[in-house]
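Asker: What follows is data_0.cif, made up of mmCIF, C-alpha atoms and all ligand atoms:
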```cif
data_final
loop_
_atom_site.label_atom_id
_atom_site.label_comp_id
_atom_site.auth_asym_id
_atom_site.auth_seq_id
_atom_site.Cartn_x
_atom_site.Cartn_y
_atom_site.Cartn_z
CA MET I 1 31.69 4.22 1.11
CA GLY I 2 30.66 4.09 4.78
CA GLU I 3 26.91 4.47 4.51
CA ASP I 4 24.63 1.48 3.87
CA TRP I 5 23.32 2.93 0.61
CA ARG I 6 20.70 0.21 0.15
CA ALA I 7 19.15 0.81 3.57
CA LEU I 8 19.28 4.58 3.09
CA ASN I 9 17.63 4.47 -0.33
CA ARG I 10 15.07 1.85 0.59
CA ALA I 11 13.86 3.84 3.59
CA SER I 12 13.39 6.86 1.35
CA TRP I 13 11.56 4.88 -1.35
CA ASP I 14 9.37 3.13 1.23
CA GLU I 15 8.22 6.54 2.43
CA ARG I 16 7.80 7.98 -1.07
CA ALA I 17 5.34 5.26 -2.05
CA ALA I 18 2.74 6.82 0.28
CA VAL I 19 3.57 10.33 -0.98
CA HIS I 20 3.01 9.18 -4.56
CA LEU I 21 -0.36 7.64 -3.73
CA ALA I 22 -1.58 10.76 -1.89
CA PRO I 23 -3.10 13.85 -3.56
CA GLY I 24 -0.33 15.71 -5.37
CA GLY I 25 1.42 12.41 -6.16
CA TYR I 26 1.09 10.25 -9.27
CA ASP I 27 -2.02 10.67 -11.43
CA LEU I 28 -3.38 7.14 -11.87
CA SER I 29 -6.76 8.15 -13.29
CA SER I 30 -5.94 6.95 -16.81
CA HIS I 31 -4.94 3.53 -15.41
CA ARG I 32 -8.25 3.29 -13.60
CA ALA I 33 -10.02 4.30 -16.80
CA GLY I 34 -8.45 1.33 -18.62
CA ARG I 35 -5.29 2.58 -20.39
CA GLY I 36 -2.61 4.07 -18.18
CA ARG I 37 -0.82 7.02 -19.66
CA MET I 38 2.93 6.53 -20.22
CA ASP I 39 5.37 9.30 -21.05
CA SER I 40 5.83 9.54 -24.79
CA ILE I 41 9.62 8.89 -24.72
CA ALA I 42 9.31 5.52 -22.98
CA GLU I 43 6.19 4.60 -24.89
CA ALA I 44 7.82 5.25 -28.27
CA GLU I 45 10.95 3.33 -27.26
CA LEU I 46 8.86 0.40 -25.99
CA GLY I 47 6.75 0.12 -29.15
CA ASP I 48 4.13 -2.59 -29.46
CA VAL I 49 4.18 -4.95 -26.48
CA ALA I 50 1.13 -7.02 -27.42
CA GLY I 51 1.75 -10.69 -26.71
CA LEU I 52 5.20 -10.11 -25.18
CA ARG I 53 6.62 -11.15 -21.81
CA VAL I 54 7.94 -7.99 -20.15
CA LEU I 55 10.11 -7.66 -17.04
CA HIS I 56 9.83 -4.21 -15.45
CA LEU I 57 12.83 -3.45 -13.24
CA GLN I 58 12.35 -0.91 -10.41
CA CYS I 59 8.62 -0.84 -11.05
CA HIS I 60 7.83 1.40 -8.05
CA ILE I 61 4.04 1.66 -7.49
CA GLY I 62 3.35 -0.25 -10.70
CA ASP I 63 1.96 2.56 -12.85
CA ASP I 64 4.00 1.68 -15.93
CA THR I 65 3.75 -2.06 -15.17
CA VAL I 66 -0.04 -1.83 -15.25
CA ALA I 67 0.07 0.43 -18.32
CA ILE I 68 2.15 -2.20 -20.15
CA ALA I 69 -0.32 -4.93 -19.17
CA GLN I 70 -3.12 -2.69 -20.44
CA ARG I 71 -1.30 -2.49 -23.81
CA GLY I 72 -1.73 -6.23 -24.27
CA ALA I 73 1.51 -7.75 -22.94
CA ALA I 74 1.15 -11.50 -22.44
CA GLU I 75 2.75 -11.26 -19.00
CA VAL I 76 4.34 -8.44 -17.00
CA VAL I 77 6.51 -8.92 -13.94
CA GLY I 78 7.52 -5.93 -11.82
CA VAL I 79 10.57 -6.03 -9.54
CA ASP I 80 11.35 -3.54 -6.79
CA PHE I 81 13.00 -3.63 -3.35
CA SER I 82 10.35 -1.51 -1.62
CA PRO I 83 7.51 -3.47 0.08
CA PRO I 84 5.14 -0.45 0.32
CA ALA I 85 5.69 0.32 -3.36
CA LEU I 86 4.92 -3.29 -4.26
CA ALA I 87 1.81 -3.34 -2.07
CA ALA I 88 0.60 -0.24 -3.92
CA ALA I 89 1.46 -1.85 -7.26
CA ARG I 90 -0.49 -5.02 -6.42
CA ALA I 91 -3.48 -2.95 -5.30
CA LEU I 92 -3.38 -0.88 -8.51
CA ALA I 93 -3.19 -4.00 -10.69
CA ALA I 94 -6.12 -5.57 -8.82
CA GLU I 95 -8.16 -2.37 -9.08
CA CYS I 96 -7.46 -2.17 -12.82
CA GLY I 97 -8.18 -5.88 -13.31
CA VAL I 98 -4.82 -6.70 -14.87
CA ALA I 99 -2.72 -9.78 -14.10
CA ALA I 100 0.68 -8.23 -13.40
CA ARG I 101 3.00 -10.08 -10.99
CA PHE I 102 5.21 -8.21 -8.50
CA VAL I 103 8.37 -9.53 -6.87
CA GLU I 104 10.33 -8.01 -4.01
CA SER I 105 14.05 -7.96 -4.72
CA ASP I 106 17.06 -5.79 -5.05
CA VAL I 107 17.43 -5.26 -8.77
CA LEU I 108 21.01 -6.55 -8.63
CA ALA I 109 19.78 -9.86 -7.11
CA ALA I 110 16.68 -10.28 -9.28
CA ASP I 111 18.07 -13.46 -10.87
CA ALA I 112 17.84 -15.24 -7.48
CA ALA I 113 14.36 -13.80 -6.81
CA LEU I 114 13.01 -15.11 -10.11
CA PRO I 115 14.53 -18.60 -10.39
CA GLY I 116 13.78 -20.49 -13.58
CA GLU I 117 13.09 -17.29 -15.55
CA ALA I 118 16.48 -16.89 -17.22
CA ALA I 119 16.26 -16.03 -20.94
CA SER I 120 12.46 -15.91 -20.78
CA PHE I 121 11.52 -12.25 -21.40
CA ASP I 122 11.04 -10.47 -24.72
CA ARG I 123 11.60 -7.06 -23.14
CA VAL I 124 13.29 -5.78 -20.00
CA PHE I 125 11.98 -2.29 -19.26
CA ALA I 126 13.51 0.29 -16.90
CA SER I 127 12.64 3.96 -16.86
CA TRP I 128 13.13 7.29 -15.08
CA GLY I 129 15.03 6.96 -11.83
CA THR I 130 16.73 3.59 -12.15
CA ILE I 131 20.51 3.07 -12.52
CA TRP I 132 21.41 6.14 -10.44
CA TRP I 133 20.38 4.30 -7.28
CA PHE I 134 23.26 1.79 -7.20
CA PRO I 135 26.95 1.69 -8.07
CA ASP I 136 27.18 -1.63 -9.92
CA LEU I 137 26.25 -0.82 -13.51
CA PRO I 138 28.00 -3.90 -15.03
CA GLY I 139 26.06 -6.05 -12.53
CA TRP I 140 22.79 -4.40 -13.61
CA ALA I 141 23.56 -5.01 -17.29
CA ARG I 142 24.30 -8.68 -16.52
CA ILE I 143 20.89 -8.97 -14.81
CA VAL I 144 19.22 -7.46 -17.88
CA ALA I 145 21.03 -9.90 -20.18
CA HIS I 146 20.26 -12.82 -17.85
CA PHE I 147 16.49 -12.35 -18.26
CA LEU I 148 16.31 -11.59 -21.98
CA LYS I 149 15.57 -14.25 -24.58
CA PRO I 150 18.02 -14.25 -27.48
CA GLY I 151 16.70 -11.45 -29.72
CA GLY I 152 14.87 -9.84 -26.79
CA ALA I 153 15.56 -6.19 -25.97
CA LEU I 154 16.28 -3.88 -23.09
CA VAL I 155 14.15 -0.74 -23.32
CA PHE I 156 15.65 1.97 -21.15
CA ALA I 157 14.65 5.62 -20.69
CA ASP I 158 16.09 7.82 -17.98
CA ALA I 159 17.69 11.14 -17.18
CA HIS I 160 20.63 11.94 -19.43
CA PRO I 161 23.83 11.73 -17.35
CA VAL I 162 24.92 15.16 -18.62
CA ALA I 163 21.80 16.69 -17.08
CA LEU I 164 22.67 15.05 -13.75
CA VAL I 165 25.76 17.28 -13.53
CA PHE I 166 23.37 20.15 -12.82
CA ASP I 167 21.04 21.05 -9.98
CA ASP I 168 18.80 24.01 -9.16
CA VAL I 169 20.98 24.88 -6.17
CA GLY I 170 24.28 24.12 -7.91
CA ARG I 171 27.11 26.64 -8.35
CA ARG I 172 26.31 29.67 -10.52
CA ALA I 173 22.64 28.72 -10.81
CA GLY I 174 20.59 31.67 -12.01
CA ASP I 175 18.50 33.16 -14.78
CA GLY I 176 16.18 30.17 -14.47
CA LEU I 177 19.04 27.81 -15.34
CA PRO I 178 20.41 25.14 -12.99
CA GLY I 179 24.04 25.32 -11.78
CA TRP I 180 27.02 22.94 -11.73
CA GLU I 181 26.71 20.33 -8.97
CA VAL I 182 28.23 16.89 -9.75
CA PRO I 183 31.41 16.52 -11.84
CA TYR I 184 30.55 14.29 -14.80
CA PHE I 185 33.40 11.85 -14.12
CA GLU I 186 33.05 11.82 -10.33
CA ARG I 187 31.87 8.18 -10.14
CA ALA I 188 31.83 8.08 -6.32
CA GLY I 189 28.35 7.95 -4.81
CA ARG I 190 26.93 11.14 -3.30
CA ILE I 191 24.65 11.57 -0.33
CA TRP I 192 21.79 14.01 -0.88
CA ASP I 193 19.52 15.41 1.80
CA GLU I 194 16.33 16.61 0.13
CA PRO I 195 13.12 16.59 2.17
CA GLY I 196 10.96 17.45 -0.88
CA ASP I 197 9.81 14.89 -3.46
CA TYR I 198 10.07 15.11 -7.27
CA ALA I 199 6.35 14.46 -7.68
CA ASN I 200 5.26 16.61 -4.76
CA GLU I 201 7.69 19.41 -3.84
CA GLY I 202 5.56 20.23 -0.82
CA ALA I 203 5.99 16.79 0.77
CA ARG I 204 8.33 16.62 3.75
CA LEU I 205 10.14 13.29 3.90
CA GLN I 206 11.48 11.96 7.18
CA ASN I 207 13.85 9.72 5.23
CA SER I 208 15.25 12.56 3.19
CA ARG I 209 18.81 11.24 2.78
CA THR I 210 19.61 9.16 -0.29
CA MET I 211 22.72 8.02 -2.11
CA SER I 212 23.10 8.04 -5.87
CA TRP I 213 25.69 7.72 -8.61
CA LEU I 214 26.20 9.60 -11.87
CA HIS I 215 27.04 6.96 -14.49
CA PRO I 216 28.63 8.58 -17.55
CA LEU I 217 27.13 7.71 -20.93
CA THR I 218 30.04 5.54 -21.99
CA ASP I 219 29.85 3.54 -18.74
CA ILE I 220 26.20 2.74 -19.55
CA LEU I 221 26.93 1.77 -23.15
CA GLU I 222 30.05 -0.20 -22.21
CA ALA I 223 28.21 -2.12 -19.46
CA LEU I 224 25.55 -3.15 -21.98
CA ARG I 225 28.16 -4.17 -24.56
CA ALA I 226 30.13 -6.19 -22.02
CA ALA I 227 26.93 -8.01 -20.99
CA GLY I 228 26.40 -9.14 -24.60
CA LEU I 229 23.81 -6.58 -25.68
CA ARG I 230 23.92 -4.87 -29.09
CA LEU I 231 22.80 -1.26 -29.34
CA GLU I 232 19.85 -0.90 -31.65
CA ARG I 233 18.98 2.71 -30.84
CA VAL I 234 20.41 5.46 -28.61
CA ARG I 235 18.56 8.78 -28.41
CA GLU I 236 19.18 12.03 -26.54
CA HIS I 237 16.07 14.06 -25.75
CA PRO I 238 15.63 17.76 -24.88
CA ALA I 239 12.79 16.64 -22.61
CA VAL I 240 12.03 14.48 -19.58
CA CYS I 241 8.82 13.31 -17.92
CA TRP I 242 9.11 15.32 -14.70
CA GLN I 243 10.13 18.84 -13.77
CA MET I 244 13.78 17.95 -13.36
CA PHE I 245 14.77 21.64 -13.00
CA ARG I 246 12.58 24.50 -11.82
CA GLY I 247 13.18 26.37 -15.06
CA LEU I 248 11.66 23.64 -17.25
CA VAL I 249 8.19 24.13 -18.69
CA ARG I 250 5.55 21.61 -19.63
CA ASP I 251 5.53 20.81 -23.34
CA GLU I 252 2.64 22.65 -24.97
CA VAL I 253 1.75 19.75 -27.23
CA ASP I 254 2.77 16.74 -25.16
CA PRO I 255 1.66 17.04 -21.50
CA THR I 256 3.76 13.99 -20.50
CA LEU I 257 7.03 15.91 -21.04
CA TRP I 258 8.94 18.92 -19.62
CA ARG I 259 11.34 20.99 -21.73
CA TRP I 260 13.63 23.99 -21.66
CA PRO I 261 11.65 27.22 -22.15
CA GLY I 262 14.01 28.54 -24.85
CA GLU I 263 17.36 27.18 -25.97
CA ALA I 264 17.71 23.44 -25.32
CA TRP I 265 20.96 23.89 -23.38
CA LEU I 266 21.46 20.28 -22.41
CA PRO I 267 20.04 16.88 -23.20
CA LEU I 268 17.58 15.97 -20.45
CA GLY I 269 16.53 12.45 -21.35
CA LEU I 270 18.32 9.39 -22.73
CA SER I 271 16.69 6.34 -24.28
CA ILE I 272 18.33 3.11 -25.36
CA THR I 273 17.13 -0.06 -27.02
CA ALA I 274 19.69 -2.85 -26.82
CA VAL I 275 19.20 -6.37 -28.14
CA LYS I 276 20.58 -9.63 -26.73
CA GLY I 277 22.57 -11.28 -29.52
C1 LIG I 301 11.77 6.63 -9.59
S1 LIG I 301 11.21 5.04 -9.20
C2 LIG I 301 11.25 4.14 -10.70
C3 LIG I 301 10.70 4.70 -11.81
C4 LIG I 301 9.28 4.63 -12.16
N1 LIG I 301 9.24 4.77 -13.58
C5 LIG I 301 8.53 5.76 -11.52
O1 LIG I 301 8.75 6.92 -11.92
O2 LIG I 301 7.72 5.52 -10.68
C6 LIG I 301 12.60 4.28 -8.45
C7 LIG I 301 12.28 2.89 -7.89
O3 LIG I 301 13.52 2.17 -7.81
C8 LIG I 301 13.45 1.35 -6.66
N2 LIG I 301 14.82 1.00 -6.32
C9 LIG I 301 15.84 1.84 -6.00
N3 LIG I 301 16.96 1.13 -5.78
C10 LIG I 301 16.64 -0.19 -5.97
C11 LIG I 301 17.38 -1.40 -5.88
N4 LIG I 301 18.68 -1.41 -5.56
N5 LIG I 301 16.73 -2.55 -6.13
C12 LIG I 301 15.41 -2.55 -6.44
N6 LIG I 301 14.65 -1.44 -6.53
C13 LIG I 301 15.28 -0.27 -6.30
C14 LIG I 301 12.71 2.19 -5.64
O4 LIG I 301 12.13 1.42 -4.61
C15 LIG I 301 11.67 2.90 -6.50
O5 LIG I 301 10.45 2.22 -6.48
#
```
Please express what this file holds, its structure, as structure tokens.
Answerer:
Amino acid sequence: MGEDWRALNRASWDERAAVHLAPGGYDLSSHRAGRGRMDSIAEAELGDVAGLRVLHLQCHIGDDTVAIAQRGAAEVVGVDFSPPALAAARALAAECGVAARFVESDVLAADAALPGEAASFDRVFASWGTIWWFPDLPGWARIVAHFLKPGGALVFADAHPVALVFDDVGRRAGDGLPGWEVPYFERAGRIWDEPGDYANEGARLQNSRTMSWLHPLTDILEALRAAGLRLERVREHPAVCWQMFRGLVRDEVDPTLWRWPGEAWLPLGLSITAVKG
């Protein structure tokens, strides 16, 4: 593999935290007003969290972590490996007056970072930009299972792996449609060099190189099954919560989602609820 993918990705995420806090980054006004807006796919999948203990993996700057606390969760713990993201998350929680806890850890080592918390969460939540950042999907699924109480559930929402085959600059891109970029079954990690940011295209990142993996759908489902989780719901969505491709348009009814302008050529989002038996 050669590159130290963790160091590469962490440097990029450390820098993005500031980009996401700056104008043109994440809109946190609803959080500050008392009820942070979540995208409707993740929110529907998550359901009622009142009174539940929720572990939020790869919490980034804590926007969804705080939003979950604002929906009445009994306790929310956010985990991320980026110190600047966690500092922003702690500041947001303090500003919003919610009691979320944030822990610095690689997601694949979160069991060691949260000792004594095995089988203690009702929900493990991970959304939008999560499993693509590391190769060890079975290890991730074991971490999820480790933290869930029996009967507790993973709530997952992210890009559909089929959509990750495509890119705006991929082969035969045109007519507003993205082109072929990553073979679906490639499995090897890929290095990308993209100075722009998904929330702020105009940003120019110094740490523009990242490494990511396309995990096929069956790898995701099989990793969850092997970790002892039972699928309760799997959904494919013709929408995602960011402008994944230039040709997507904002949903006219639901401003938290982006869709194809005409034919829904490909699934864009994937959501899964999986229960620990
Ligand atoms: C796109 S964000 C997560 C999604 C969140 N819903 C959002 O949109 O803000 C990705 C996060 O994953 C974190 N991350 C990436 N690889 C990680 C790893 N191996 N361990 C822990 N956190 C990781 C990054 O620091 C970043 O905060």
Asker: At a cut-off of 7 Å around ligand LIG 301 (chain I), and using all atoms listed in the file, what residues come up? Please write them as a list in words.
Answerer: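 Counting only what the definition allows, namely all atoms listed in the file, the set is Arg6, Asn9, Arg10, Trp13, Asp14, Gln58, Cys59, His60, Ile61, Asp63, Asp64, Val79, Asp80, Phe81, Ser82, Ala85, Ser105, Asp106, Val107, Leu108, Ser127, Trp128, Gly129, Thr130, Trp133 and Phe134 of chain I.
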Asker: Grab the atom CA of Ile131 of chain I to atom CA of Gly72 of chain I distance for me, in Å with one decimal place.
Answerer: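 Rounded to one decimal, the two atoms are 26.8 Å apart.
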Asker: Find the residues around segment 220-229 of chain I up to 6 Å (all atoms listed in the file counted), leave out those fewer than 6 positions away in its own chain, and share them as a ChimeraX atom specification.
Answerer: /I:138,141-142,274-276
Asker: Can you pull out the residues contacting Leu8 of chain I? Cut-off 12 Å, using all atoms listed in the file, and skip same-chain residues under 2 positions away; I want them as a ChimeraX atom specification.
Answerer: /I:2-6,10-15,82,133-134,190-193,206-212
Asker: Could you please determine the separation between atom CA of Val144 of chain I and atom CA of Arg235 of chain I in Å, to one decimal place?
Answerer: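 Taking atom CA of Val144 of chain I and atom CA of Arg235 of chain I, their separation equals 19.4 Å.
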Asker: Pick out the residues sitting within 10 Å of segment 264-273 of chain I, and hand them over as a VMD selection string; count all atoms listed in the file, and ignore anything fewer than 5 positions along from it in its own chain.
Answerer: chain I and resid 41 to 42 44 to 46 123 to 125 127 to 128 153 to 164 166 177 217 220 to 221 229 to 241 244 to 245 258 to 259
Asker: Excluding same-chain residues fewer than 4 positions from Leu214 of chain I, what lies within 8 Å of it counting only C-alpha atoms, as a ChimeraX atom specification?
Answerer: /I:132,161,164-165,182,184-187,189
Asker: Enter the distance from atom CA of Thr65 of chain I to atom CA of Glu43 of chain I, in Å, rounded to one decimal.
Answerer: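 Rounded to one decimal, the two atoms are 12.0 Å apart.
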Asker: What's the 9 Å shell around Arg32 of chain I, counting all atoms listed in the file, without same-chain residues fewer than 2 positions away, as JSON, numbers by chain?
Answerer: {"I": [28, 29, 30, 34, 35, 36, 92, 95, 96]}
Asker: Hey, can I get the axis-aligned box for segment 69-77 of chain I? All listed atoms, 8 Å padding on each side, centre and edge lengths in Å to one decimal, as JSON.
Answerer:
```
{"center_x": 1.7, "center_y": -7.0, "center_z": -19.1, "size_x": 25.6, "size_y": 25.0, "size_z": 26.3}
```
Asker: From the set I:Ala17, I:Ala100, I:Leu148, I:Ala113, which residue has the shortest atom-to-atom contact distance to Asp197 of chain I, counting all atoms listed in the file?
Answerer: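 Selected residue with least distance to Asp197 of chain I: I:Ala17.
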Asker: Which is closer to Pro115 of chain I than all the others in I:Trp140, I:Phe147, I:Tyr26, I:Trp242, using only C-alpha atoms?
Answerer: I:Phe147
Asker: Restricting the calculation to only C-alpha atoms: of I:Ala73, I:Ser40, I:Ala89, I:Glu201, which residue gets closest to Leu21 of chain I?
Answerer: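 The shortest atom-to-atom distance to Leu21 of chain I comes from I:Ala89.
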Asker: Would you be able to write out as a PyMOL selection string which residues have an atom within 10 Å of (2.7, -6.3, -29.0) in the file's coordinates, counting only C-alpha atoms?
Answerer: chain I and resi 46-53+68+71-74
Asker: Keeping only C-alpha atoms, take the residues you just selected and write them out as an mmCIF file, in the coordinates of the input.
Answerer:
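Now in selection27.cif:
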```
data_model
loop_
_atom_site.group_PDB
_atom_site.id
_atom_site.type_symbol
_atom_site.label_atom_id
_atom_site.label_comp_id
_atom_site.auth_asym_id
_atom_site.auth_seq_id
_atom_site.Cartn_x
_atom_site.Cartn_y
_atom_site.Cartn_z
ATOM 1 C CA LEU I 46 8.860 0.400 -25.990
ATOM 2 C CA GLY I 47 6.750 0.120 -29.150
ATOM 3 C CA ASP I 48 4.130 -2.590 -29.460
ATOM 4 C CA VAL I 49 4.180 -4.950 -26.480
ATOM 5 C CA ALA I 50 1.130 -7.020 -27.420
ATOM 6 C CA GLY I 51 1.750 -10.690 -26.710
ATOM 7 C CA LEU I 52 5.200 -10.110 -25.180
ATOM 8 C CA ARG I 53 6.620 -11.150 -21.810
ATOM 9 C CA ILE I 68 2.150 -2.200 -20.150
ATOM 10 C CA ARG I 71 -1.300 -2.490 -23.810
ATOM 11 C CA GLY I 72 -1.730 -6.230 -24.270
ATOM 12 C CA ALA I 73 1.510 -7.750 -22.940
ATOM 13 C CA ALA I 74 1.150 -11.500 -22.440
#
```
Asker: If I only want segment 232-249 of chain I, can you write it with N, CA and C atoms, as a compact mmCIF listing (two decimals), in the first residue's frame?
Answerer:
```
# COMPACT_ATOMS: atom_id res chain seq x y z
N GLU I 232 -32.06 -5.19 9.57
CA GLU I 232 -33.47 -4.90 9.78
C GLU I 232 -34.03 -4.14 8.58
N ARG I 233 -33.18 -3.29 7.99
CA ARG I 233 -33.64 -2.46 6.86
C ARG I 233 -32.44 -2.08 6.00
N VAL I 234 -32.57 -2.21 4.70
CA VAL I 234 -31.55 -1.73 3.76
C VAL I 234 -32.29 -0.92 2.71
N ARG I 235 -31.88 0.33 2.50
CA ARG I 235 -32.57 1.18 1.53
C ARG I 235 -31.58 1.83 0.59
N GLU I 236 -31.97 1.91 -0.70
CA GLU I 236 -31.18 2.64 -1.69
C GLU I 236 -31.94 3.92 -1.99
N HIS I 237 -31.23 5.04 -2.06
CA HIS I 237 -31.90 6.33 -2.23
C HIS I 237 -31.41 7.02 -3.51
N PRO I 238 -32.30 7.67 -4.25
CA PRO I 238 -31.88 8.46 -5.41
C PRO I 238 -31.45 9.86 -4.98
N ALA I 239 -30.95 9.98 -3.78
CA ALA I 239 -30.60 11.29 -3.21
C ALA I 239 -29.48 11.13 -2.20
N VAL I 240 -28.74 12.21 -2.00
CA VAL I 240 -27.72 12.29 -0.95
C VAL I 240 -27.77 13.68 -0.34
N CYS I 241 -27.01 13.89 0.74
CA CYS I 241 -27.13 15.17 1.45
C CYS I 241 -26.08 16.19 1.06
N TRP I 242 -25.30 15.92 0.01
CA TRP I 242 -24.41 16.95 -0.51
C TRP I 242 -24.37 16.84 -2.02
N GLN I 243 -23.79 17.85 -2.67
CA GLN I 243 -23.78 17.82 -4.14
C GLN I 243 -22.66 16.90 -4.61
N MET I 244 -22.95 15.62 -4.57
CA MET I 244 -21.96 14.59 -4.86
C MET I 244 -21.42 14.71 -6.29
N PHE I 245 -22.31 15.06 -7.23
CA PHE I 245 -21.90 15.32 -8.62
C PHE I 245 -22.43 16.70 -9.02
N ARG I 246 -21.67 17.36 -9.91
CA ARG I 246 -22.07 18.72 -10.31
C ARG I 246 -23.47 18.76 -10.90
N GLY I 247 -23.86 17.68 -11.57
CA GLY I 247 -25.16 17.67 -12.24
C GLY I 247 -26.35 17.50 -11.30
N LEU I 248 -26.11 17.21 -10.02
CA LEU I 248 -27.25 17.03 -9.11
C LEU I 248 -27.90 18.37 -8.79
N VAL I 249 -29.17 18.33 -8.47
CA VAL I 249 -29.89 19.55 -8.09
C VAL I 249 -30.48 19.37 -6.70
```
